[in-house]
file model-v5.cif (mmCIF, C-alpha atoms (C1' of nucleotides))
data_work
loop_
_atom_site.group_PDB
_atom_site.id
_atom_site.type_symbol
_atom_site.label_atom_id
_atom_site.label_comp_id
_atom_site.auth_asym_id
_atom_site.auth_seq_id
_atom_site.Cartn_x
_atom_site.Cartn_y
_atom_site.Cartn_z
ATOM 1 C CA MET S 6 0.000 0.000 0.000
ATOM 2 C CA GLN S 7 1.709 3.133 -1.281
ATOM 3 C CA ILE S 8 0.454 6.466 0.056
ATOM 4 C CA THR S 9 1.916 9.533 -1.629
ATOM 5 C CA ASP S 10 2.811 12.742 0.147
ATOM 6 C CA ALA S 11 -0.316 14.558 -0.946
ATOM 7 C CA GLU S 12 -2.497 11.591 -0.123
ATOM 8 C CA LEU S 13 -0.995 11.367 3.330
ATOM 9 C CA GLU S 14 -2.191 14.863 4.140
ATOM 10 C CA VAL S 15 -5.698 13.717 3.363
ATOM 11 C CA MET S 16 -5.309 10.561 5.437
ATOM 12 C CA ARG S 17 -4.230 12.649 8.386
ATOM 13 C CA VAL S 18 -7.478 14.559 8.332
ATOM 14 C CA VAL S 19 -9.532 11.385 8.135
ATOM 15 C CA TRP S 20 -7.522 9.715 10.877
ATOM 16 C CA ALA S 21 -8.047 12.719 13.108
ATOM 17 C CA ARG S 22 -11.723 13.102 12.319
ATOM 18 C CA PRO S 23 -13.369 10.088 10.723
ATOM 19 C CA GLY S 24 -16.644 10.525 8.873
ATOM 20 C CA LEU S 25 -16.103 13.849 7.181
ATOM 21 C CA SER S 26 -17.369 14.607 3.685
ATOM 22 C CA ALA S 27 -15.144 15.687 0.826
ATOM 23 C CA ALA S 28 -16.110 19.303 1.371
ATOM 24 C CA ASP S 29 -15.336 19.026 5.100
ATOM 25 C CA ILE S 30 -11.966 17.525 4.342
ATOM 26 C CA HIS S 31 -11.258 20.261 1.856
ATOM 27 C CA THR S 32 -12.100 22.816 4.505
ATOM 28 C CA ALA S 33 -9.999 21.029 7.105
ATOM 29 C CA LEU S 34 -7.017 21.232 4.778
ATOM 30 C CA GLU S 35 -7.263 24.939 4.160
ATOM 31 C CA GLY S 36 -4.397 26.660 5.834
ATOM 32 C CA SER S 37 -2.045 23.730 5.524
ATOM 33 C CA GLN S 38 -2.726 22.933 1.879
ATOM 34 C CA ASP S 39 -3.836 25.350 -0.791
ATOM 35 C CA TRP S 40 -5.680 22.794 -2.847
ATOM 36 C CA SER S 41 -8.779 23.157 -4.941
ATOM 37 C CA ARG S 42 -11.868 21.140 -4.174
ATOM 38 C CA GLN S 43 -11.098 18.964 -7.188
ATOM 39 C CA THR S 44 -7.618 18.174 -6.024
ATOM 40 C CA VAL S 45 -8.925 16.939 -2.710
ATOM 41 C CA LYS S 46 -11.549 14.899 -4.459
ATOM 42 C CA THR S 47 -8.988 13.311 -6.734
ATOM 43 C CA LEU S 48 -6.875 12.334 -3.756
ATOM 44 C CA LEU S 49 -9.934 10.968 -1.989
ATOM 45 C CA ALA S 50 -10.827 8.930 -5.051
ATOM 46 C CA ARG S 51 -7.320 7.542 -5.368
ATOM 47 C CA LEU S 52 -7.195 6.630 -1.704
ATOM 48 C CA THR S 53 -10.568 4.937 -1.901
ATOM 49 C CA GLU S 54 -9.485 3.028 -4.971
ATOM 50 C CA LYS S 55 -6.339 1.919 -3.171
ATOM 51 C CA GLY S 56 -8.414 0.681 -0.272
ATOM 52 C CA ALA S 57 -6.962 3.139 2.215
ATOM 53 C CA LEU S 58 -10.302 4.878 2.698
ATOM 54 C CA ASN S 59 -13.914 3.782 2.880
ATOM 55 C CA ALA S 60 -16.561 6.033 1.365
ATOM 56 C CA GLU S 61 -19.965 5.642 2.982
ATOM 57 C CA PRO S 62 -22.855 7.143 0.994
ATOM 58 C CA GLU S 63 -24.779 9.570 3.146
ATOM 59 C CA GLY S 64 -27.578 11.301 1.336
ATOM 60 C CA ARG S 65 -26.082 12.945 -1.697
ATOM 61 C CA LYS S 66 -22.517 12.787 -0.483
ATOM 62 C CA PHE S 67 -19.928 10.415 0.869
ATOM 63 C CA LEU S 68 -18.462 10.256 4.316
ATOM 64 C CA TYR S 69 -14.907 9.029 4.523
ATOM 65 C CA THR S 70 -13.342 6.784 7.117
ATOM 66 C CA ALA S 71 -9.929 5.180 7.154
ATOM 67 C CA ALA S 72 -9.659 1.578 6.065
ATOM 68 C CA LEU S 73 -5.946 1.742 6.776
ATOM 69 C CA LYS S 74 -5.087 2.375 10.407
ATOM 70 C CA GLN S 75 -2.575 5.092 11.095
ATOM 71 C CA THR S 76 -0.345 2.844 13.157
ATOM 72 C CA ASP S 77 -0.377 0.212 10.436
ATOM 73 C CA TYR S 78 0.536 2.805 7.866
ATOM 74 C CA GLU S 79 3.326 4.169 10.036
ATOM 75 C CA ALA S 80 4.676 0.712 10.669
ATOM 76 C CA SER S 81 4.781 -0.274 7.036
ATOM 77 C CA ALA S 82 6.084 3.080 5.842
ATOM 78 C CA THR S 83 8.834 2.876 8.428
ATOM 79 C CA GLU S 84 9.742 -0.628 7.444
ATOM 80 C CA ARG S 85 9.935 0.325 3.789
ATOM 81 C CA PHE S 86 12.022 3.356 4.608
ATOM 82 C CA VAL S 87 14.477 1.461 6.784
ATOM 83 C CA ASP S 88 14.775 -1.258 4.180
ATOM 84 C CA LYS S 89 15.378 1.242 1.429
ATOM 85 C CA VAL S 90 17.787 3.636 3.067
ATOM 86 C CA TYR S 91 19.421 1.544 5.764
ATOM 87 C CA ARG S 92 19.112 -1.935 4.328
ATOM 88 C CA GLY S 93 16.944 -2.896 7.255
ATOM 89 C CA ARG S 94 19.343 -1.835 10.000
ATOM 90 C CA ALA S 95 17.625 0.410 12.513
ATOM 91 C CA ALA S 96 20.556 1.535 14.610
ATOM 92 C CA PRO S 97 22.175 3.800 12.013
ATOM 93 C CA LEU S 98 18.815 5.426 11.557
ATOM 94 C CA VAL S 99 18.609 6.360 15.188
ATOM 95 C CA ALA S 100 22.189 7.549 15.077
ATOM 96 C CA HIS S 101 21.175 9.980 12.370
ATOM 97 C CA LEU S 102 18.233 11.131 14.385
ATOM 98 C CA ALA S 103 20.568 11.757 17.238
ATOM 99 C CA ASP S 104 22.864 13.871 15.116
ATOM 100 C CA SER S 105 20.114 16.066 13.830
ATOM 101 C CA LYS S 106 18.376 18.570 16.025
ATOM 102 C CA GLY S 107 15.326 16.392 15.580
ATOM 103 C CA LEU S 108 15.414 15.006 19.075
ATOM 104 C CA THR S 109 13.915 17.092 21.818
ATOM 105 C CA GLU S 110 14.501 16.589 25.505
ATOM 106 C CA GLU S 111 11.163 14.878 25.573
ATOM 107 C CA ASP S 112 12.100 12.558 22.727
ATOM 108 C CA ILE S 113 15.212 11.558 24.557
ATOM 109 C CA ALA S 114 13.263 10.818 27.673
ATOM 110 C CA ASP S 115 10.772 8.806 25.638
ATOM 111 C CA LEU S 116 13.564 6.890 24.027
ATOM 112 C CA GLU S 117 15.097 6.131 27.365
ATOM 113 C CA SER S 118 11.974 4.525 28.718
ATOM 114 C CA LEU S 119 11.548 2.735 25.436
ATOM 115 C CA ILE S 120 14.991 1.243 25.785
ATOM 116 C CA GLU S 121 14.204 0.157 29.296
ATOM 117 C CA ARG S 122 11.145 -1.586 28.012
ATOM 118 C CA LEU S 123 13.054 -3.198 25.163
ATOM 119 C CA LYS S 124 15.662 -4.627 27.438
ATOM 120 C CA SER S 125 13.116 -6.726 29.260
ATOM 121 C CA MET W 17 17.802 16.581 -3.366
ATOM 122 C CA GLN W 18 15.401 13.794 -4.223
ATOM 123 C CA ILE W 19 16.881 10.368 -4.950
ATOM 124 C CA THR W 20 14.427 7.797 -6.226
ATOM 125 C CA ASP W 21 14.466 4.129 -5.305
ATOM 126 C CA ALA W 22 16.116 3.057 -8.537
ATOM 127 C CA GLU W 23 18.626 5.874 -8.375
ATOM 128 C CA LEU W 24 19.544 4.923 -4.832
ATOM 129 C CA GLU W 25 20.664 1.485 -5.975
ATOM 130 C CA VAL W 26 23.067 3.179 -8.333
ATOM 131 C CA MET W 27 24.311 5.551 -5.639
ATOM 132 C CA ARG W 28 25.048 2.599 -3.402
ATOM 133 C CA VAL W 29 27.403 1.149 -5.969
ATOM 134 C CA VAL W 30 29.210 4.436 -6.415
ATOM 135 C CA TRP W 31 29.425 5.016 -2.678
ATOM 136 C CA ALA W 32 30.913 1.583 -2.237
ATOM 137 C CA ARG W 33 33.312 1.850 -5.163
ATOM 138 C CA PRO W 34 33.941 5.356 -6.464
ATOM 139 C CA GLY W 35 35.364 5.823 -9.922
ATOM 140 C CA LEU W 36 33.597 3.087 -11.828
ATOM 141 C CA SER W 37 32.413 3.503 -15.402
ATOM 142 C CA ALA W 38 28.810 3.066 -16.499
ATOM 143 C CA ALA W 39 29.589 -0.420 -17.732
ATOM 144 C CA ASP W 40 31.253 -1.326 -14.440
ATOM 145 C CA ILE W 41 28.274 -0.042 -12.513
ATOM 146 C CA HIS W 42 25.946 -2.011 -14.717
ATOM 147 C CA THR W 43 27.978 -5.113 -14.026
ATOM 148 C CA ALA W 44 28.058 -4.386 -10.301
ATOM 149 C CA LEU W 45 24.273 -4.222 -10.272
ATOM 150 C CA GLU W 46 23.743 -7.558 -11.974
ATOM 151 C CA GLY W 47 22.340 -9.968 -9.501
ATOM 152 C CA SER W 48 20.559 -7.365 -7.455
ATOM 153 C CA GLN W 49 18.949 -5.479 -10.325
ATOM 154 C CA ASP W 50 17.971 -6.893 -13.672
ATOM 155 C CA TRP W 51 18.440 -3.662 -15.570
ATOM 156 C CA SER W 52 19.598 -3.090 -19.097
ATOM 157 C CA ARG W 53 22.713 -1.058 -19.780
ATOM 158 C CA GLN W 54 20.494 1.792 -20.960
ATOM 159 C CA THR W 55 18.506 1.849 -17.765
ATOM 160 C CA VAL W 56 21.655 2.213 -15.721
ATOM 161 C CA LYS W 57 22.874 4.955 -18.026
ATOM 162 C CA THR W 58 19.612 6.835 -17.709
ATOM 163 C CA LEU W 59 19.831 6.676 -13.929
ATOM 164 C CA LEU W 60 23.444 7.794 -14.054
ATOM 165 C CA ALA W 61 22.480 10.710 -16.284
ATOM 166 C CA ARG W 62 19.664 11.742 -13.996
ATOM 167 C CA LEU W 63 21.870 11.559 -10.940
ATOM 168 C CA THR W 64 24.572 13.581 -12.616
ATOM 169 C CA GLU W 65 22.043 16.161 -13.700
ATOM 170 C CA LYS W 66 20.747 16.365 -10.138
ATOM 171 C CA GLY W 67 24.248 16.932 -8.878
ATOM 172 C CA ALA W 68 24.370 13.722 -6.867
ATOM 173 C CA LEU W 69 27.147 12.289 -9.025
ATOM 174 C CA ASN W 70 30.211 13.659 -10.751
ATOM 175 C CA ALA W 71 31.170 12.248 -14.133
ATOM 176 C CA GLU W 72 34.881 12.540 -14.880
ATOM 177 C CA PRO W 73 35.805 11.988 -18.541
ATOM 178 C CA GLU W 74 38.386 9.279 -18.809
ATOM 179 C CA GLY W 75 39.347 8.448 -22.363
ATOM 180 C CA ARG W 76 36.164 7.620 -24.193
ATOM 181 C CA LYS W 77 34.102 6.981 -21.087
ATOM 182 C CA PHE W 78 33.107 8.571 -17.822
ATOM 183 C CA LEU W 79 34.071 7.573 -14.322
ATOM 184 C CA TYR W 80 31.497 8.295 -11.673
ATOM 185 C CA THR W 81 32.041 9.516 -8.141
ATOM 186 C CA ALA W 82 29.508 10.664 -5.591
ATOM 187 C CA ALA W 83 28.984 14.377 -5.182
ATOM 188 C CA LEU W 84 26.454 13.621 -2.457
ATOM 189 C CA LYS W 85 27.920 11.869 0.557
ATOM 190 C CA GLN W 86 26.080 8.825 1.796
ATOM 191 C CA THR W 87 25.763 10.136 5.327
ATOM 192 C CA ASP W 88 24.398 13.438 4.052
ATOM 193 C CA TYR W 89 21.887 11.607 1.937
ATOM 194 C CA GLU W 90 20.848 9.399 4.826
ATOM 195 C CA ALA W 91 20.507 12.364 7.128
ATOM 196 C CA SER W 92 18.316 14.341 4.769
ATOM 197 C CA ALA W 93 16.248 11.354 3.699
ATOM 198 C CA THR W 94 15.644 10.527 7.335
ATOM 199 C CA GLU W 95 14.680 14.055 8.168
ATOM 200 C CA ARG W 96 12.232 14.182 5.300
ATOM 201 C CA PHE W 97 10.781 10.857 6.292
ATOM 202 C CA VAL W 98 10.339 11.784 9.930
ATOM 203 C CA ASP W 99 8.791 15.101 8.960
ATOM 204 C CA LYS W 100 6.422 13.453 6.552
ATOM 205 C CA VAL W 101 5.264 10.455 8.524
ATOM 206 C CA TYR W 102 5.797 11.502 12.119
ATOM 207 C CA ARG W 103 5.546 15.259 11.858
ATOM 208 C CA GLY W 104 9.121 15.512 13.017
ATOM 209 C CA ARG W 105 8.744 13.519 16.219
ATOM 210 C CA ALA W 106 11.418 10.842 16.432
ATOM 211 C CA ALA W 107 10.245 8.871 19.429
ATOM 212 C CA PRO W 108 7.175 7.298 17.798
ATOM 213 C CA LEU W 109 9.411 6.234 14.956
ATOM 214 C CA VAL W 110 11.677 4.330 17.275
ATOM 215 C CA ALA W 111 8.659 2.878 19.007
ATOM 216 C CA HIS W 112 7.574 1.435 15.693
ATOM 217 C CA LEU W 113 10.995 0.061 15.042
ATOM 218 C CA ALA W 114 10.858 -1.556 18.419
ATOM 219 C CA ASP W 115 7.543 -3.208 17.678
ATOM 220 C CA SER W 116 8.738 -4.707 14.459
ATOM 221 C CA LYS W 117 11.498 -7.244 14.477
ATOM 222 C CA GLY W 118 13.686 -4.454 13.179
ATOM 223 C CA LEU W 119 15.754 -4.044 16.319
ATOM 224 C CA THR W 120 18.318 -6.632 17.201
ATOM 225 C CA GLU W 121 19.951 -7.091 20.591
ATOM 226 C CA GLU W 122 22.877 -5.217 19.193
ATOM 227 C CA ASP W 123 20.720 -2.367 17.984
ATOM 228 C CA ILE W 124 19.212 -2.036 21.409
ATOM 229 C CA ALA W 125 22.641 -1.919 22.989
ATOM 230 C CA ASP W 126 23.673 0.727 20.452
ATOM 231 C CA LEU W 127 20.610 2.722 21.226
ATOM 232 C CA GLU W 128 21.319 2.564 24.907
ATOM 233 C CA SER W 129 24.767 4.026 24.571
ATOM 234 C CA LEU W 130 23.368 6.577 22.149
ATOM 235 C CA ILE W 131 20.866 7.694 24.741
ATOM 236 C CA GLU W 132 23.596 7.951 27.322
ATOM 237 C CA ARG W 133 25.509 10.166 24.966
ATOM 238 C CA LEU W 134 22.468 12.284 24.208
ATOM 239 C CA LYS W 135 21.751 12.902 27.839
ATOM 240 C CA SER W 136 25.031 14.665 28.299
ATOM 241 C "C1'" DT H 22 42.045 -1.748 -43.330
ATOM 242 C "C1'" DT H 23 37.586 -3.492 -42.550
ATOM 243 C "C1'" DC H 24 34.399 -5.568 -39.281
ATOM 244 C "C1'" DT H 25 32.747 -5.593 -34.659
ATOM 245 C "C1'" DA H 26 32.190 -4.361 -29.978
ATOM 246 C "C1'" DT H 27 31.779 -0.500 -26.789
ATOM 247 C "C1'" DT H 28 30.328 3.950 -25.389
ATOM 248 C "C1'" DG H 29 27.776 8.198 -24.978
ATOM 249 C "C1'" DA H 30 23.742 10.946 -26.873
ATOM 250 C "C1'" DC H 31 19.124 11.236 -28.008
ATOM 251 C "C1'" DT H 32 14.592 9.497 -27.832
ATOM 252 C "C1'" DA H 33 10.592 6.820 -26.176
ATOM 253 C "C1'" DC H 34 6.906 5.237 -23.522
ATOM 254 C "C1'" DA H 35 3.932 3.520 -19.663
ATOM 255 C "C1'" DT H 36 2.561 4.447 -15.041
ATOM 256 C "C1'" DA H 37 2.579 7.474 -10.901
ATOM 257 C "C1'" DT H 38 1.759 11.865 -8.889
ATOM 258 C "C1'" DG H 39 0.374 16.695 -8.223
ATOM 259 C "C1'" DT H 40 -3.031 19.674 -9.520
ATOM 260 C "C1'" DA H 41 -7.352 20.958 -11.416
ATOM 261 C "C1'" DG H 42 -11.219 22.140 -15.114
ATOM 262 C "C1'" DA H 43 -15.843 20.903 -17.202
ATOM 263 C "C1'" DC H 44 -20.234 19.107 -16.762
ATOM 264 C "C1'" DG H 45 -24.530 17.333 -15.206
ATOM 265 C "C1'" DA H 46 -27.641 16.243 -11.247
ATOM 266 C "C1'" DT H 47 -29.643 17.700 -7.187
ATOM 267 C "C1'" DA H 48 -30.615 20.521 -3.201
ATOM 268 C "C1'" DT H 49 -31.455 25.039 -1.473
ATOM 269 C "C1'" DT H 50 -32.960 29.658 -1.671
ATOM 270 C "C1'" DA H 51 -35.440 33.579 -3.383
ATOM 271 C "C1'" DT T 17 -40.856 27.703 -9.664
ATOM 272 C "C1'" DA T 18 -36.554 29.698 -11.239
ATOM 273 C "C1'" DA T 19 -31.793 30.802 -10.069
ATOM 274 C "C1'" DT T 20 -27.883 29.323 -7.594
ATOM 275 C "C1'" DA T 21 -24.925 26.657 -4.823
ATOM 276 C "C1'" DT T 22 -23.208 21.960 -4.016
ATOM 277 C "C1'" DC T 23 -21.768 17.494 -5.050
ATOM 278 C "C1'" DG T 24 -20.075 13.526 -7.703
ATOM 279 C "C1'" DT T 25 -18.123 11.902 -12.285
ATOM 280 C "C1'" DC T 26 -15.169 12.213 -16.106
ATOM 281 C "C1'" DT T 27 -11.346 14.139 -18.165
ATOM 282 C "C1'" DA T 28 -6.905 16.584 -18.554
ATOM 283 C "C1'" DC T 29 -2.241 17.698 -18.327
ATOM 284 C "C1'" DA T 30 2.593 18.521 -16.715
ATOM 285 C "C1'" DT T 31 6.336 16.440 -14.361
ATOM 286 C "C1'" DA T 32 8.494 12.372 -12.125
ATOM 287 C "C1'" DT T 33 9.901 7.694 -12.397
ATOM 288 C "C1'" DG T 34 10.926 3.040 -14.110
ATOM 289 C "C1'" DT T 35 12.589 0.922 -17.993
ATOM 290 C "C1'" DA T 36 14.735 0.636 -22.381
ATOM 291 C "C1'" DG T 37 15.565 1.157 -27.764
ATOM 292 C "C1'" DT T 38 18.286 3.460 -31.636
ATOM 293 C "C1'" DC T 39 22.135 5.565 -33.558
ATOM 294 C "C1'" DA T 40 26.557 7.455 -34.513
ATOM 295 C "C1'" DA T 41 31.403 7.657 -33.159
ATOM 296 C "C1'" DT T 42 35.282 5.310 -31.878
ATOM 297 C "C1'" DA T 43 38.432 1.721 -30.370
ATOM 298 C "C1'" DG T 44 39.976 -2.754 -30.861
ATOM 299 C "C1'" DA T 45 40.270 -7.196 -33.445
ATOM 300 C "C1'" DA T 46 40.935 -9.880 -37.550
#
call {"tool": "encode", "arguments": {"input": "model-v5.cif", "output": "structure tokens"}}
result
Amino acid sequence: MQITDAELEVMRVVWARPGLSAADIHTALEGSQDWSRQTVKTLLARLTEKGALNAEPEGRKFLYTAALKQTDYEASATERFVDKVYRGRAAPLVAHLADSKGLTEEDIADLESLIERLKS
Amino acid sequence: MQITDAELEVMRVVWARPGLSAADIHTALEGSQDWSRQTVKTLLARLTEKGALNAEPEGRKFLYTAALKQTDYEASATERFVDKVYRGRAAPLVAHLADSKGLTEEDIADLESLIERLKS
DNA sequence: TTCTATTGACTACATATGTAGACGATATTA
DNA sequence: TAATATCGTCTACATATGTAGTCAATAGAA
């Protein structure tokens, strides 16, 4: 299941608020994405076709819910990424994260407890 | 700097062995990638155009070296990935890695010392 | 020297992706 | 009821990406 960058923005909205219509999703994206109504609809159609979204008819419109869970998407996207860039080795990835300013104090604390958990 | 999946396979060869010719790179990819000579040349041309590779004329052919360092590529690819999928938060990424079989004992040990280093 | 193999340059083409217009049906409002 | 706003469907089009063919020049072999 491949989700493109633009499609992911749409998925985010649906994950956050399931059951919105195309127009609602378009509205929800204003501010972050300057897309026309048609663009959003195209992305919705592609995602539905791919099986990532379900479109429930409701009166004259459709309400969208995610068929693909966010955690499942994240897991598979991460696996693909690690396989592609790091040949499946996770440690160098984290080393890179560490080198970038990407890790906040909070992240580090989270990682620490994660490590504790992993060791058991 | 966007490197596509196919292009990345070519970069790997050049990172591992700088200064090969197109034919050498094609040969090096046999086994992992069933690409024609032309396909490899197209990828080489695209990478050179993007500035990821340097092509040094050598007699009648070109010898390729990386203009983009592997660690720099990995760092920026990782940053883009984390921004895209995790909105820049690294901890949930590692949590996913932990849940998959992606982390070996060794990885966990590496992570632990990494965390120690980060805390200081 | 003539044939052949090698090499780069140019070109091609299907599918994916980002982005959106046109159009017809229906609901809402005046 | 007539005008208008809304919604879905179909279609479009440029650029990116994966994959590769053709051709002319040149170097090496016979």
call {"tool": "closest_residue", "arguments": {"input": "model-v5.cif", "among": "H:DA43, H:DA48, H:DA35, H:DC24", "to": "DA28 in chain T", "atoms": "all atoms listed in the file"}}
result
H:DA43
call {"tool": "resolve_selection", "arguments": {"input": "model-v5.cif", "expression": "the PyMOL selection byres ((chain H and resi 28) around 10)", "output": "short mmCIF file (atom, residue, chain, number, x, y, z; two decimals) with C-alpha atoms (C1' of nucleotides), in the frame of the given file"}}
result
data_model
loop_
_atom_site.label_atom_id
_atom_site.label_comp_id
_atom_site.auth_asym_id
_atom_site.auth_seq_id
_atom_site.Cartn_x
_atom_site.Cartn_y
_atom_site.Cartn_z
CA ALA W 38 28.81 3.07 -16.50
CA ALA W 39 29.59 -0.42 -17.73
CA ARG W 76 36.16 7.62 -24.19
CA LYS W 77 34.10 6.98 -21.09
CA PHE W 78 33.11 8.57 -17.82
"C1'" DA H 26 32.19 -4.36 -29.98
"C1'" DT H 27 31.78 -0.50 -26.79
"C1'" DG H 29 27.78 8.20 -24.98
"C1'" DA H 30 23.74 10.95 -26.87
"C1'" DA T 41 31.40 7.66 -33.16
"C1'" DT T 42 35.28 5.31 -31.88
"C1'" DA T 43 38.43 1.72 -30.37
#
call {"tool": "resolve_selection", "arguments": {"input": "model-v5.cif", "expression": "the PyMOL selection byres ((chain H and resi 39) around 12)", "output": "list of chain:residue names"}}
result
S:Thr9, S:Asp10, S:Ala11, S:Glu12, S:Trp40, S:Ser41, S:Gln43, S:Thr44, S:Val45, S:Thr47, S:Leu48, H:DA37, H:DT38, H:DT40, H:DA41, T:DC29, T:DA30, T:DT31, T:DA32
call {"tool": "write_last_selection", "arguments": {"input": "model-v5.cif", "atoms": "C-alpha atoms (C1' of nucleotides)", "output": "mmCIF file, in the frame of the given file"}}
result
data_model
loop_
_atom_site.group_PDB
_atom_site.id
_atom_site.type_symbol
_atom_site.label_atom_id
_atom_site.label_comp_id
_atom_site.auth_asym_id
_atom_site.auth_seq_id
_atom_site.Cartn_x
_atom_site.Cartn_y
_atom_site.Cartn_z
ATOM 1 C CA THR S 9 1.916 9.533 -1.629
ATOM 2 C CA ASP S 10 2.811 12.742 0.147
ATOM 3 C CA ALA S 11 -0.316 14.558 -0.946
ATOM 4 C CA GLU S 12 -2.497 11.591 -0.123
ATOM 5 C CA TRP S 40 -5.680 22.794 -2.847
ATOM 6 C CA SER S 41 -8.779 23.157 -4.941
ATOM 7 C CA GLN S 43 -11.098 18.964 -7.188
ATOM 8 C CA THR S 44 -7.618 18.174 -6.024
ATOM 9 C CA VAL S 45 -8.925 16.939 -2.710
ATOM 10 C CA THR S 47 -8.988 13.311 -6.734
ATOM 11 C CA LEU S 48 -6.875 12.334 -3.756
ATOM 12 C "C1'" DA H 37 2.579 7.474 -10.901
ATOM 13 C "C1'" DT H 38 1.759 11.865 -8.889
ATOM 14 C "C1'" DT H 40 -3.031 19.674 -9.520
ATOM 15 C "C1'" DA H 41 -7.352 20.958 -11.416
ATOM 16 C "C1'" DC T 29 -2.241 17.698 -18.327
ATOM 17 C "C1'" DA T 30 2.593 18.521 -16.715
ATOM 18 C "C1'" DT T 31 6.336 16.440 -14.361
ATOM 19 C "C1'" DA T 32 8.494 12.372 -12.125
#
call {"tool": "residues_around", "arguments": {"input": "model-v5.cif", "residues": "Ser116 in chain W", "least_positions_apart": "6", "cutoff": "12 Å", "atoms": "all atoms listed in the file", "output": "JSON, numbers by chain"}}
result
{"S": [76, 77, 79, 80, 81, 82, 83, 84, 85, 87, 93, 94, 95, 123], "W": [109, 110]}
call {"tool": "atom_distance", "arguments": {"input": "model-v5.cif", "atom1": "CA of Lys124 in chain S", "atom2": "CA of Ile124 in chain W"}}
result
7.5 Å
call {"tool": "residues_around", "arguments": {"input": "model-v5.cif", "residues": "Gln7 in chain S", "least_positions_apart": "6", "cutoff": "10 Å", "atoms": "only C-alpha atoms (C1' of nucleotides)", "output": "list in words"}}
result
Leu13, Leu52, Lys55, Ala57, Tyr78, Ser81 and Ala82 of chain S
call {"tool": "resolve_selection", "arguments": {"input": "model-v5.cif", "expression": "the PyMOL selection byres ((chain T) within 12 of (chain S))", "output": "PDB file with C-alpha atoms (C1' of nucleotides), in the frame of the given file"}}
result
ATOM      1  C1'  DT T  22     -23.208  21.960  -4.016  1.00  0.00           C
ATOM      2  C1'  DC T  23     -21.768  17.494  -5.050  1.00  0.00           C
ATOM      3  C1'  DG T  24     -20.075  13.526  -7.703  1.00  0.00           C
ATOM      4  C1'  DT T  25     -18.123  11.902 -12.285  1.00  0.00           C
ATOM      5  C1'  DC T  26     -15.169  12.213 -16.106  1.00  0.00           C
ATOM      6  C1'  DT T  27     -11.346  14.139 -18.165  1.00  0.00           C
TER       7       DT T  27
END
